[in-house]
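Colleague: Please find entry.cif (mmCIF, C-alpha atoms (C1' of nucleotides)) on the next line:
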data_query
#
loop_
_atom_site.label_atom_id
_atom_site.label_comp_id
_atom_site.auth_asym_id
_atom_site.auth_seq_id
_atom_site.Cartn_x
_atom_site.Cartn_y
_atom_site.Cartn_z
CA MET A 1 5.77 -32.10 10.55
CA SER A 2 3.15 -29.41 10.44
CA SER A 3 5.53 -26.50 10.99
CA SER A 4 7.39 -27.17 7.73
CA LYS A 5 4.42 -25.80 5.82
CA ARG A 6 4.47 -22.79 8.06
CA GLU A 7 8.15 -22.28 7.31
CA GLU A 8 7.54 -22.67 3.61
CA ILE A 9 4.82 -20.02 3.65
CA LEU A 10 7.02 -17.73 5.70
CA HIS A 11 10.07 -17.96 3.48
CA LYS A 12 8.11 -17.48 0.28
CA ALA A 13 6.05 -14.62 1.69
CA LEU A 14 9.21 -12.96 2.95
CA ASP A 15 10.71 -12.94 -0.53
CA ILE A 16 7.63 -11.42 -2.09
CA PHE A 17 7.10 -8.85 0.66
CA TYR A 18 10.74 -7.83 0.38
CA ARG A 19 10.55 -7.54 -3.38
CA ASP A 20 7.19 -5.82 -3.79
CA GLY A 21 6.35 -4.27 -0.42
CA PHE A 22 3.65 -5.09 2.10
CA ARG A 23 0.65 -3.08 1.02
CA ALA A 24 1.35 -3.84 -2.64
CA THR A 25 1.21 -7.57 -1.93
CA GLY A 26 -2.29 -8.96 -1.55
CA MET A 27 -3.07 -12.40 -0.19
CA ASP A 28 -4.34 -13.51 -3.60
CA LYS A 29 -1.02 -12.57 -5.17
CA LEU A 30 0.74 -14.54 -2.45
CA VAL A 31 -1.44 -17.56 -3.22
CA LYS A 32 -0.79 -17.30 -6.93
CA GLU A 33 2.97 -16.80 -6.67
CA THR A 34 3.70 -19.33 -3.94
CA GLY A 35 1.28 -22.03 -5.10
CA ILE A 36 0.11 -22.36 -1.51
CA SER A 37 -3.62 -22.29 -0.92
CA LYS A 38 -5.23 -19.45 0.91
CA THR A 39 -6.73 -21.93 3.35
CA SER A 40 -3.25 -22.99 4.40
CA MET A 41 -2.07 -19.44 4.72
CA TYR A 42 -4.88 -18.60 7.09
CA LYS A 43 -4.38 -21.85 8.98
CA TYR A 44 -0.84 -20.93 9.99
CA PHE A 45 -1.33 -17.17 10.15
CA ARG A 46 -4.54 -15.68 11.43
CA THR A 47 -4.17 -12.39 9.60
CA LYS A 48 -1.99 -10.79 6.98
CA ASP A 49 -0.50 -8.59 9.65
CA GLU A 50 0.59 -11.64 11.59
CA LEU A 51 2.26 -12.99 8.47
CA ILE A 52 4.01 -9.68 7.92
CA LEU A 53 5.34 -9.59 11.46
CA ALA A 54 6.52 -13.19 11.26
CA SER A 55 8.23 -12.42 7.95
CA LEU A 56 10.06 -9.51 9.55
CA ARG A 57 11.16 -11.67 12.46
CA LEU A 58 12.46 -14.28 10.05
CA ARG A 59 14.24 -11.63 8.04
CA ASP A 60 15.90 -10.34 11.18
CA GLU A 61 17.22 -13.78 11.99
CA LEU A 62 18.33 -14.73 8.49
CA PHE A 63 19.85 -11.39 7.64
CA ARG A 64 21.83 -10.85 10.82
CA ASN A 65 23.16 -14.40 10.79
CA SER A 66 24.21 -14.06 7.18
CA LEU A 67 25.87 -10.71 7.81
CA VAL A 68 27.80 -11.88 10.86
CA ARG A 69 28.95 -15.02 9.10
CA LYS A 70 30.19 -13.11 6.06
CA ILE A 71 31.94 -10.53 8.23
CA GLU A 72 33.79 -13.23 10.12
CA GLU A 73 34.87 -14.81 6.87
CA LYS A 74 36.74 -11.59 6.14
CA GLY A 75 39.30 -12.15 8.89
CA ASP A 76 39.92 -12.36 12.59
CA ASP A 77 40.87 -8.94 13.85
CA PRO A 78 38.18 -6.34 14.49
CA ILE A 79 39.50 -3.70 12.11
CA THR A 80 39.56 -6.15 9.23
CA GLN A 81 36.06 -7.19 10.15
CA ILE A 82 34.69 -3.66 10.43
CA LEU A 83 36.16 -2.66 7.10
CA GLY A 84 35.26 -6.03 5.58
CA PHE A 85 31.69 -5.36 6.63
CA PHE A 86 31.47 -2.67 3.97
CA ASP A 87 32.70 -5.14 1.35
CA VAL A 88 29.93 -7.47 2.48
CA LEU A 89 27.50 -4.61 2.00
CA GLU A 90 28.88 -4.01 -1.46
CA GLU A 91 28.28 -7.63 -2.47
CA TRP A 92 24.72 -7.28 -1.25
CA PHE A 93 24.18 -4.05 -3.21
CA TYR A 94 25.28 -5.75 -6.42
CA ASP A 95 22.91 -8.67 -5.90
CA PRO A 96 20.13 -8.28 -8.49
CA ASP A 97 17.62 -9.10 -5.75
CA PHE A 98 18.85 -6.26 -3.57
CA ARG A 99 15.97 -3.95 -2.72
CA SER A 100 17.12 -1.79 0.16
CA CYS A 101 16.63 -2.71 3.79
CA MET A 102 13.37 -4.50 4.55
CA PHE A 103 13.06 -2.78 7.93
CA ILE A 104 13.57 0.70 6.57
CA LYS A 105 10.89 0.00 4.00
CA ALA A 106 8.60 -1.53 6.60
CA THR A 107 8.77 1.53 8.86
CA GLY A 108 8.11 3.61 5.77
CA GLU A 109 4.93 1.74 5.04
CA TYR A 110 3.76 1.56 8.66
CA PRO A 111 4.74 4.92 10.10
CA GLU A 112 2.70 4.75 13.32
CA ARG A 113 5.13 4.92 16.24
CA GLY A 114 5.04 2.12 18.77
CA GLN A 115 3.61 -0.27 16.26
CA PRO A 116 4.97 -3.83 16.24
CA VAL A 117 6.52 -3.27 12.83
CA ASN A 118 8.49 -0.37 14.20
CA ASN A 119 9.54 -2.30 17.27
CA ILE A 120 10.84 -5.21 15.24
CA ALA A 121 12.75 -2.85 12.98
CA ALA A 122 14.28 -0.98 15.90
CA GLU A 123 15.16 -4.26 17.59
CA HIS A 124 16.84 -5.53 14.44
CA LYS A 125 18.96 -2.40 14.20
CA ASN A 126 19.80 -2.60 17.90
CA LEU A 127 20.90 -6.22 17.73
CA PHE A 128 23.14 -5.62 14.77
CA GLY A 129 24.42 -2.46 16.42
CA ASP A 130 25.38 -4.52 19.47
CA TYR A 131 27.49 -6.73 17.25
CA ILE A 132 29.27 -3.79 15.63
CA ARG A 133 29.83 -2.22 19.04
CA LYS A 134 31.64 -5.34 20.23
CA LEU A 135 33.96 -5.15 17.24
CA VAL A 136 34.59 -1.45 17.80
CA ILE A 137 35.39 -1.97 21.47
CA LYS A 138 37.90 -4.65 20.51
CA THR A 139 39.77 -2.12 18.39
CA GLY A 140 40.46 -0.06 21.49
CA ALA A 141 38.86 3.03 19.99
CA THR A 142 38.81 6.08 22.25
CA ASP A 143 35.05 6.68 21.93
CA PRO A 144 33.57 3.32 20.96
CA GLU A 145 29.93 4.36 21.34
CA LEU A 146 30.29 7.34 19.04
CA LEU A 147 32.30 5.40 16.50
CA THR A 148 29.75 2.59 16.52
CA GLN A 149 26.90 4.98 15.84
CA GLN A 150 28.83 6.62 13.04
CA ILE A 151 29.61 3.32 11.37
CA LEU A 152 25.94 2.44 11.58
CA LEU A 153 25.02 5.80 10.06
CA LEU A 154 27.34 5.07 7.15
CA LYS A 155 25.77 1.65 6.76
CA GLU A 156 22.18 2.95 6.66
CA GLY A 157 23.16 5.75 4.33
CA ALA A 158 24.91 3.34 2.00
CA ILE A 159 21.90 1.02 1.83
CA VAL A 160 19.50 3.82 0.99
CA THR A 161 21.87 5.41 -1.50
CA ALA A 162 22.61 2.14 -3.26
CA HIS A 163 18.89 1.58 -3.61
CA ILE A 164 18.22 4.97 -5.15
CA HIS A 165 21.37 5.54 -7.21
CA GLY A 166 22.60 2.03 -7.77
CA PRO A 167 25.52 0.21 -6.16
CA LYS A 168 28.49 1.79 -7.87
CA GLY A 169 31.07 3.14 -5.45
CA VAL A 170 28.64 3.55 -2.58
CA ALA A 171 30.00 0.92 -0.22
CA GLN A 172 33.61 1.87 -0.91
CA ASN A 173 32.93 5.53 -0.11
CA ALA A 174 31.40 4.42 3.16
CA LYS A 175 34.32 2.10 3.82
CA LEU A 176 36.84 4.91 3.31
CA ALA A 177 34.86 7.10 5.70
CA ALA A 178 34.76 4.33 8.30
CA SER A 179 38.48 3.82 7.88
CA ALA A 180 39.20 7.51 8.39
CA LEU A 181 36.98 7.64 11.47
CA LEU A 182 38.70 4.56 12.84
CA ASN A 183 42.09 6.18 12.37
CA THR A 184 41.15 9.33 14.25
CA ASN A 185 39.85 7.11 17.04
CA LEU A 186 43.01 5.01 17.40
CA ASN A 187 45.74 7.65 17.60
CA MET B 1 -7.23 31.69 -10.93
CA SER B 2 -7.83 28.04 -11.68
CA SER B 3 -4.34 26.87 -10.77
CA SER B 4 -4.79 27.96 -7.15
CA LYS B 5 -7.15 25.04 -6.64
CA ARG B 6 -4.57 22.77 -8.17
CA GLU B 7 -1.97 24.10 -5.79
CA GLU B 8 -4.29 23.65 -2.85
CA ILE B 9 -4.91 20.02 -3.77
CA LEU B 10 -1.22 19.45 -4.28
CA HIS B 11 -0.11 20.91 -0.96
CA LYS B 12 -2.75 19.10 1.03
CA ALA B 13 -2.18 15.80 -0.74
CA LEU B 14 1.55 16.15 -0.20
CA ASP B 15 1.09 16.46 3.55
CA ILE B 16 -1.11 13.38 3.74
CA PHE B 17 1.04 11.29 1.43
CA TYR B 18 4.10 12.21 3.45
CA ARG B 19 2.41 11.40 6.74
CA ASP B 20 0.62 8.15 5.81
CA GLY B 21 2.31 6.84 2.68
CA PHE B 22 1.05 6.51 -0.87
CA ARG B 23 -0.64 3.14 -1.01
CA ALA B 24 -2.16 3.67 2.44
CA THR B 25 -3.81 6.88 1.21
CA GLY B 26 -6.92 6.33 -0.87
CA MET B 27 -8.62 9.03 -2.88
CA ASP B 28 -11.65 8.90 -0.59
CA LYS B 29 -9.44 9.60 2.41
CA LEU B 30 -7.92 12.50 0.52
CA VAL B 31 -11.39 13.86 -0.18
CA LYS B 32 -12.47 13.51 3.42
CA GLU B 33 -9.34 15.04 4.94
CA THR B 34 -8.85 17.89 2.51
CA GLY B 35 -12.51 18.80 2.07
CA ILE B 36 -11.92 18.98 -1.66
CA SER B 37 -14.35 17.07 -3.86
CA LYS B 38 -13.24 14.07 -5.80
CA THR B 39 -14.50 15.73 -8.96
CA SER B 40 -12.01 18.55 -8.49
CA MET B 41 -9.18 16.15 -7.74
CA TYR B 42 -9.76 14.31 -10.99
CA LYS B 43 -10.20 17.55 -12.86
CA TYR B 44 -6.67 18.72 -12.03
CA PHE B 45 -5.04 15.31 -11.87
CA ARG B 46 -6.08 12.58 -14.25
CA THR B 47 -4.96 9.72 -12.03
CA LYS B 48 -3.76 9.14 -8.50
CA ASP B 49 -0.31 8.37 -9.89
CA GLU B 50 -0.19 11.76 -11.53
CA LEU B 51 -1.07 13.36 -8.21
CA ILE B 52 1.64 11.35 -6.48
CA LEU B 53 4.27 12.41 -9.00
CA ALA B 54 3.22 16.05 -8.77
CA SER B 55 3.38 15.82 -4.98
CA LEU B 56 6.91 14.48 -5.17
CA ARG B 57 7.95 17.25 -7.52
CA LEU B 58 6.48 19.83 -5.16
CA ARG B 59 8.22 18.20 -2.22
CA ASP B 60 11.52 18.36 -4.07
CA GLU B 61 11.12 22.06 -4.66
CA LEU B 62 9.87 22.97 -1.19
CA PHE B 63 12.28 20.78 0.70
CA ARG B 64 15.45 21.75 -1.15
CA ASN B 65 14.63 25.43 -0.98
CA SER B 66 13.94 25.20 2.72
CA LEU B 67 17.14 23.26 3.37
CA VAL B 68 19.34 25.64 1.40
CA ARG B 69 17.80 28.67 3.06
CA LYS B 70 18.31 27.27 6.55
CA ILE B 71 21.87 26.24 5.77
CA GLU B 72 22.71 29.71 4.59
CA GLU B 73 21.25 31.19 7.74
CA LYS B 74 23.92 29.29 9.65
CA GLY B 75 26.77 31.39 8.32
CA ASP B 76 28.79 32.40 5.30
CA ASP B 77 31.81 30.13 5.09
CA PRO B 78 31.43 26.65 3.65
CA ILE B 79 32.64 24.72 6.71
CA THR B 80 30.14 26.48 8.95
CA GLN B 81 27.45 25.73 6.39
CA ILE B 82 28.35 22.05 6.00
CA LEU B 83 28.43 21.49 9.74
CA GLY B 84 25.39 23.71 10.22
CA PHE B 85 23.58 21.49 7.75
CA PHE B 86 23.56 18.74 10.37
CA ASP B 87 22.03 21.11 12.90
CA VAL B 88 19.34 21.86 10.36
CA LEU B 89 18.75 18.13 10.04
CA GLU B 90 18.51 17.86 13.81
CA GLU B 91 15.79 20.52 13.95
CA TRP B 92 13.91 18.58 11.30
CA PHE B 93 14.26 15.29 13.20
CA TYR B 94 12.74 16.88 16.31
CA ASP B 95 9.78 18.26 14.38
CA PRO B 96 6.75 16.20 15.44
CA ASP B 97 5.73 16.00 11.80
CA PHE B 98 9.07 14.46 10.81
CA ARG B 99 8.49 11.13 9.11
CA SER B 100 11.71 10.26 7.34
CA CYS B 101 12.55 11.26 3.79
CA MET B 102 9.60 11.24 1.42
CA PHE B 103 11.78 10.06 -1.47
CA ILE B 104 13.30 7.17 0.41
CA LYS B 105 9.80 6.08 1.38
CA ALA B 106 8.54 6.56 -2.16
CA THR B 107 11.23 4.35 -3.66
CA GLY B 108 10.41 1.82 -0.97
CA GLU B 109 6.77 1.72 -2.01
CA TYR B 110 7.46 1.76 -5.74
CA PRO B 111 10.53 -0.43 -6.13
CA GLU B 112 10.43 -0.88 -9.90
CA ARG B 113 13.63 0.55 -11.35
CA GLY B 114 13.29 3.20 -13.99
CA GLN B 115 9.88 4.20 -12.75
CA PRO B 116 9.09 7.91 -12.61
CA VAL B 117 8.96 7.80 -8.81
CA ASN B 118 12.49 6.48 -8.73
CA ASN B 119 13.68 9.06 -11.23
CA ILE B 120 12.24 11.94 -9.26
CA ALA B 121 13.81 10.60 -6.08
CA ALA B 122 17.21 10.18 -7.71
CA GLU B 123 16.95 13.64 -9.23
CA HIS B 124 16.12 15.17 -5.87
CA LYS B 125 19.14 13.53 -4.29
CA ASN B 126 21.34 14.61 -7.20
CA LEU B 127 20.24 18.22 -7.03
CA PHE B 128 20.85 18.48 -3.33
CA GLY B 129 24.13 16.63 -3.78
CA ASP B 130 25.19 19.26 -6.29
CA TYR B 131 24.62 21.94 -3.68
CA ILE B 132 26.67 20.10 -1.05
CA ARG B 133 29.41 19.49 -3.61
CA LYS B 134 29.71 23.24 -4.23
CA LEU B 135 30.17 23.85 -0.53
CA VAL B 136 32.75 21.08 -0.25
CA ILE B 137 34.74 22.41 -3.19
CA LYS B 138 34.80 25.85 -1.54
CA THR B 139 36.49 24.36 1.51
CA GLY B 140 39.45 23.34 -0.64
CA ALA B 141 39.14 19.70 0.34
CA THR B 142 41.67 17.37 -1.27
CA ASP B 143 39.06 14.93 -2.61
CA PRO B 144 35.85 16.93 -2.86
CA GLU B 145 33.87 14.27 -4.71
CA LEU B 146 34.59 11.59 -2.13
CA LEU B 147 33.93 13.91 0.78
CA THR B 148 30.65 15.04 -0.77
CA GLN B 149 29.45 11.48 -1.17
CA GLN B 150 30.44 10.67 2.40
CA ILE B 151 28.58 13.67 3.80
CA LEU B 152 25.54 12.59 1.82
CA LEU B 153 25.84 9.05 3.20
CA LEU B 154 25.86 10.46 6.71
CA LYS B 155 22.82 12.54 5.89
CA GLU B 156 20.79 9.61 4.52
CA GLY B 157 21.87 7.41 7.40
CA ALA B 158 20.89 10.04 9.92
CA ILE B 159 17.42 10.48 8.41
CA VAL B 160 16.70 6.77 8.43
CA THR B 161 18.11 6.27 11.91
CA ALA B 162 16.21 9.21 13.37
CA HIS B 163 13.03 7.76 11.92
CA ILE B 164 13.54 4.31 13.43
CA HIS B 165 15.21 5.16 16.74
CA GLY B 166 14.10 8.71 17.35
CA PRO B 167 16.04 11.94 16.97
CA LYS B 168 18.26 11.88 20.04
CA GLY B 169 21.94 12.32 19.25
CA VAL B 170 21.65 11.15 15.68
CA ALA B 171 22.39 14.38 13.88
CA GLN B 172 25.22 15.30 16.24
CA ASN B 173 26.93 11.94 15.71
CA ALA B 174 26.71 12.54 11.99
CA LYS B 175 28.00 16.09 12.42
CA LEU B 176 31.04 14.89 14.38
CA ALA B 177 31.77 12.34 11.68
CA ALA B 178 31.49 14.98 8.98
CA SER B 179 33.77 17.24 10.96
CA ALA B 180 36.40 14.52 11.33
CA LEU B 181 36.21 13.70 7.63
CA LEU B 182 36.55 17.38 6.78
CA ASN B 183 39.66 17.65 8.95
CA THR B 184 41.38 14.73 7.29
CA ASN B 185 40.61 16.34 3.95
CA LEU B 186 42.03 19.75 4.78
CA ASN B 187 45.47 18.86 6.17
"C1'" DT C 1 -29.55 40.61 -13.07
"C1'" DT C 2 -28.09 37.26 -16.29
"C1'" DT C 3 -24.78 34.22 -17.98
"C1'" DT C 4 -20.86 31.46 -17.53
"C1'" DA C 5 -17.53 28.91 -15.12
"C1'" DA C 6 -16.00 26.32 -11.09
"C1'" DT C 7 -17.06 23.28 -7.46
"C1'" DT C 8 -19.64 20.08 -4.89
"C1'" DG C 9 -22.15 15.72 -3.41
"C1'" DA C 10 -23.54 11.47 -4.09
"C1'" DA C 11 -24.29 7.56 -6.48
"C1'" DC C 12 -22.23 4.30 -9.37
"C1'" DA C 13 -19.00 0.72 -11.97
"C1'" DG C 14 -15.64 -2.81 -11.83
"C1'" DA C 15 -11.64 -4.37 -9.69
"C1'" DT C 16 -9.30 -5.82 -5.73
"C1'" DC C 17 -8.84 -6.12 -0.70
"C1'" DA C 18 -8.77 -9.36 3.75
"C1'" DG C 19 -10.86 -13.10 5.47
"C1'" DT C 20 -14.44 -17.27 5.71
"C1'" DA C 21 -16.92 -21.60 4.53
"C1'" DC C 22 -17.02 -25.93 2.82
"C1'" DA C 23 -16.55 -29.75 0.00
"C1'" DT C 24 -12.89 -32.34 -2.24
"C1'" DA C 25 -8.42 -34.42 -2.59
"C1'" DA C 26 -4.10 -36.08 -1.11
"C1'" DA C 27 -1.07 -37.98 2.18
"C1'" DG C 28 0.59 -40.76 6.20
"C1'" DG C 29 0.13 -44.09 9.92
"C1'" DC C 30 -2.08 -48.43 11.48
"C1'" DG D 1 -7.47 -52.15 3.34
"C1'" DC D 2 -9.10 -47.75 6.90
"C1'" DC D 3 -8.75 -43.51 9.38
"C1'" DT D 4 -7.03 -39.15 10.51
"C1'" DT D 5 -4.58 -35.28 9.35
"C1'" DT D 6 -3.31 -31.87 6.01
"C1'" DA D 7 -3.86 -29.37 1.98
"C1'" DT D 8 -6.40 -27.64 -1.98
"C1'" DG D 9 -9.95 -25.19 -4.90
"C1'" DT D 10 -13.61 -22.34 -5.28
"C1'" DA D 11 -16.98 -19.48 -4.22
"C1'" DC D 12 -18.46 -16.15 -1.28
"C1'" DT D 13 -18.93 -11.70 2.03
"C1'" DG D 14 -18.42 -6.98 2.84
"C1'" DA D 15 -15.25 -3.45 2.62
"C1'" DT D 16 -12.33 -0.55 0.01
"C1'" DC D 17 -9.92 0.71 -4.21
"C1'" DT D 18 -9.55 3.99 -8.54
"C1'" DG D 19 -12.11 6.41 -11.56
"C1'" DT D 20 -16.73 8.17 -13.87
"C1'" DT D 21 -21.17 10.40 -14.29
"C1'" DC D 22 -24.33 14.00 -13.60
"C1'" DA D 23 -27.42 17.00 -11.44
"C1'" DA D 24 -27.27 20.67 -7.98
"C1'" DT D 25 -24.84 24.51 -6.13
"C1'" DT D 26 -21.80 28.21 -5.55
"C1'" DA D 27 -19.02 31.91 -7.30
"C1'" DA D 28 -17.53 35.06 -10.63
"C1'" DA D 29 -18.05 37.76 -14.79
"C1'" DA D 30 -20.95 40.30 -17.90
#
Any chance you could put this one into structure tokens?
Modeller:
Amino acid sequence: MSSSKREEILHKALDIFYRDGFRATGMDKLVKETGISKTSMYKYFRTKDELILASLRLRDELFRNSLVRKIEEKGDDPITQILGFFDVLEEWFYDPDFRSCMFIKATGEYPERGQPVNNIAAEHKNLFGDYIRKLVIKTGATDPELLTQQILLLKEGAIVTAHIHGPKGVAQNAKLAASALLNTNLN
Amino acid sequence: MSSSKREEILHKALDIFYRDGFRATGMDKLVKETGISKTSMYKYFRTKDELILASLRLRDELFRNSLVRKIEEKGDDPITQILGFFDVLEEWFYDPDFRSCMFIKATGEYPERGQPVNNIAAEHKNLFGDYIRKLVIKTGATDPELLTQQILLLKEGAIVTAHIHGPKGVAQNAKLAASALLNTNLN
DNA sequence: TTTTAATTGAACAGATCAGTACATAAAGGC
DNA sequence: GCCTTTATGTACTGATCTGTTCAATTAAAA
């Protein structure tokens, strides 16, 4: 199968891009660290930009799937899942490979509006937001749209804060805030 | 005065670094856009890294001062100021020159822990956090430390979200969350 | 005006950037 | 065995990167 090489390149490039950033990662570094020849890289991806975009799309898929799966391992009812989501975040923050959100960093490096990088990032956030919204609606909250957006704000804030200050306490502070907001929305 | 040239370089470099990013901004681009010769740049700053760090330090000073001033224009009592803070954020998000938080982006581009960039970013967040904490304590909140951290999470989340999705509604959602959290902390 | 300091422009070095060309080497199917 | 596909290694192009050098120019001080 020819596409297995493509997948291999993609997964390895994703790890390095996530760890070191896009502009800081040259193709030669990618060759050296992955052991894959440059010829192969340019066979499956016509440009570095194309590889970056494909990496982001893969990250979207892997990350959302992983998040949803871990959330649903926390329990069955929506409140448990919403609050459990912040425990999932906490586990991520304590992972030594945690380096903030790849999409936040990507939009930081490619600030031009309407660029594909920005679109993929926005789409990723929208898709995950849709999932959270479903959970919030299931709780019977009085203003599910507002509550959804607020939970997402806490999530983004926690990611950025854990990256700058370290993981300690960050996710639990966010969880307590989400819990308080949930309570005011249920009575 | 020789330091006025230094200041000029610093202010102009800051604007370009903030707009385009650090790695995406070469010294030649800086020369072309600022009209300042490369010789002068390297006279006042020995390396690009030094210029970057000085830019971040200037940003810290300018941005915190501006934020505090605008917050205090919103009123005298701490609750008005805390909630007004989110209106200040909203004005910033709608500024066409808004491009997220320079420190979040900086730590994204220079992910190595313990690096000066990271330290300056953390210090910036700490200093502003200290200011918010003072306001929160003045409100008589039951758990001022927790509430402070939560308000800061909402702030970081709002910045990142406004950058990816645009400014609409973001700051007000955060403001409503902060208001609800304040209420649960005052009763 | 004369002298001194500050600034510029432009060329340069050496490294690294994205991307290409091509000949060699594995690997798999028949 | 043979043949085709797939992958590798290496060298290369031209652009761009950070940083240096130095003579010419402007501005300020005397």
Colleague: Which residue, A:His163, A:Lys48, A:Arg6, A:Lys134, has the smallest gap to chain B when you use only C-alpha atoms?
Modeller: A:His163
Colleague: Please report as JSON lines every residue of chain A lying within 10 Å of chain C, along with the nearest atom pair and their distance in Å (one decimal), using only C-alpha atoms (C1' of nucleotides).
Modeller:
{"residue": "A:Gly26", "atom": "CA", "partner": "C:DC17", "partner_atom": "C1'", "distance": 7.2}
{"residue": "A:Met27", "atom": "CA", "partner": "C:DA18", "partner_atom": "C1'", "distance": 7.6}
{"residue": "A:Asp28", "atom": "CA", "partner": "C:DC17", "partner_atom": "C1'", "distance": 9.1}
{"residue": "A:Lys38", "atom": "CA", "partner": "C:DG19", "partner_atom": "C1'", "distance": 9.6}
{"residue": "A:Thr39", "atom": "CA", "partner": "C:DT20", "partner_atom": "C1'", "distance": 9.3}
{"residue": "A:Tyr42", "atom": "CA", "partner": "C:DG19", "partner_atom": "C1'", "distance": 8.3}
{"residue": "A:Arg46", "atom": "CA", "partner": "C:DG19", "partner_atom": "C1'", "distance": 9.1}
{"residue": "A:Thr47", "atom": "CA", "partner": "C:DG19", "partner_atom": "C1'", "distance": 7.9}
{"residue": "A:Lys48", "atom": "CA", "partner": "C:DA18", "partner_atom": "C1'", "distance": 7.6}
Colleague: Quick check, in Å to one decimal: how far apart do atom CA of Gln150 of chain B and atom CA of Asp130 of chain B lie?
Modeller: 13.3 Å
Colleague: Any chance you could work out the residue set of the PyMOL selection byres ((chain B and resi 102) around 9) here, as a list of chain:residue names?
Modeller: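 Taken over the shown coordinates, the PyMOL selection byres ((chain B and resi 102) around 9) returns A:Gly108, B:Phe17, B:Tyr18, B:Arg19, B:Gly21, B:Leu56, B:Arg59, B:Arg99, B:Ser100, B:Cys101, B:Phe103, B:Ile104, B:Lys105, B:Ala106, B:Thr107, B:Ala121.
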Colleague: Atoms to include: C-alpha atoms. Write the selected residues as a CSV table (one decimal), in the frame of the given file.
Modeller:
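Once everything was written out, this is result-v7.csv:
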chain,number,residue,atom,x,y,z
A,108,GLY,CA,8.1,3.6,5.8
B,17,PHE,CA,1.0,11.3,1.4
B,18,TYR,CA,4.1,12.2,3.4
B,19,ARG,CA,2.4,11.4,6.7
B,21,GLY,CA,2.3,6.8,2.7
B,56,LEU,CA,6.9,14.5,-5.2
B,59,ARG,CA,8.2,18.2,-2.2
B,99,ARG,CA,8.5,11.1,9.1
B,100,SER,CA,11.7,10.3,7.3
B,101,CYS,CA,12.6,11.3,3.8
B,103,PHE,CA,11.8,10.1,-1.5
B,104,ILE,CA,13.3,7.2,0.4
B,105,LYS,CA,9.8,6.1,1.4
B,106,ALA,CA,8.5,6.6,-2.2
B,107,THR,CA,11.2,4.4,-3.7
B,121,ALA,CA,13.8,10.6,-6.1
Colleague: What does the PyMOL selection byres ((chain A and resi 87-95) around 8) select in this file, as a PyMOL selection string?
Modeller: chain A and resi 67+70-71+83-86+96-98+159+162-163+166-167+170-172+175
Colleague: Taking only C-alpha atoms into account, find every residue of chain B that has an atom no more than 8 Å from chain A, and write it out as a PyMOL selection string.
Modeller: chain B and resi 19-21+23-24+99-100+104-105+107-111+118+121-122+146+149-150+152-158+160-161+164-165+173-174+177+180-181+184
Colleague: Tell me which of A:Gly35, A:Gly114, A:Leu14, A:Leu30 sits closest to chain D, counting only C-alpha atoms (C1' of nucleotides).
Modeller: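 Among the listed residues, the smallest separation from chain D belongs to A:Gly35.
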Colleague: Could you please select, counting only C-alpha atoms (C1' of nucleotides), the residues of chain D within 10 Å of chain B and state them as a list in words?
Modeller: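 Going by the stated atoms only, the list reads DT16, DC17, DT18, DG19 and DT20 of chain D.
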Colleague: Quote the spacing between atom CA of Tyr44 of chain A and atom C1' of DG14 of chain D in Å to one decimal place.
Modeller: 23.6 Å
Colleague: Please work out which residues fall within 8 Å of (-1.7, -29.1, 6.6), coordinates as given in the file, with all atoms listed in the file counting, and return them as number ranges by chain.
Modeller: A: 2, 5, 40; D: 5-7
Colleague: Deliver the residues from the most recent selection as a file, using C-alpha atoms (C1' of nucleotides), as a PDB file, in the frame of the given file.
Modeller:
ATOM      1  CA  SER A   2       3.150 -29.410  10.440  1.00  0.00           C
ATOM      2  CA  LYS A   5       4.420 -25.800   5.820  1.00  0.00           C
ATOM      3  CA  SER A  40      -3.250 -22.990   4.400  1.00  0.00           C
TER       4      SER A  40
ATOM      5  C1'  DT D   5      -4.580 -35.280   9.350  1.00  0.00           C
ATOM      6  C1'  DT D   6      -3.310 -31.870   6.010  1.00  0.00           C
ATOM      7  C1'  DA D   7      -3.860 -29.370   1.980  1.00  0.00           C
TER       8       DA D   7
END
Colleague: Just give me the gap between atom CA of Leu182 of chain B and atom CA of Glu61 of chain B in Å, one decimal is fine.
Modeller: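 Separation of atom CA of Leu182 of chain B and atom CA of Glu61 of chain B: 28.3 Å.
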Colleague: Please supply segment 86-91 of chain A, rebuilt with N, CA and C atoms, as a PDB file, keeping the file's coordinate frame.
Modeller:
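The new file selection31.pdb reads:
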ATOM      1  N   PHE A  86      31.911  -3.506   5.090  1.00  0.00           N
ATOM      2  CA  PHE A  86      31.470  -2.670   3.970  1.00  0.00           C
ATOM      3  C   PHE A  86      31.638  -3.382   2.621  1.00  0.00           C
ATOM      4  N   ASP A  87      32.602  -4.306   2.559  1.00  0.00           N
ATOM      5  CA  ASP A  87      32.700  -5.140   1.350  1.00  0.00           C
ATOM      6  C   ASP A  87      31.532  -6.119   1.282  1.00  0.00           C
ATOM      7  N   VAL A  88      31.116  -6.603   2.441  1.00  0.00           N
ATOM      8  CA  VAL A  88      29.930  -7.470   2.480  1.00  0.00           C
ATOM      9  C   VAL A  88      28.708  -6.694   1.994  1.00  0.00           C
ATOM     10  N   LEU A  89      28.596  -5.466   2.468  1.00  0.00           N
ATOM     11  CA  LEU A  89      27.500  -4.610   2.000  1.00  0.00           C
ATOM     12  C   LEU A  89      27.548  -4.457   0.486  1.00  0.00           C
ATOM     13  N   GLU A  90      28.746  -4.221  -0.020  1.00  0.00           N
ATOM     14  CA  GLU A  90      28.880  -4.010  -1.460  1.00  0.00           C
ATOM     15  C   GLU A  90      28.387  -5.225  -2.253  1.00  0.00           C
ATOM     16  N   GLU A  91      28.762  -6.416  -1.797  1.00  0.00           N
ATOM     17  CA  GLU A  91      28.280  -7.630  -2.470  1.00  0.00           C
ATOM     18  C   GLU A  91      26.753  -7.681  -2.466  1.00  0.00           C
TER      19      GLU A  91
END
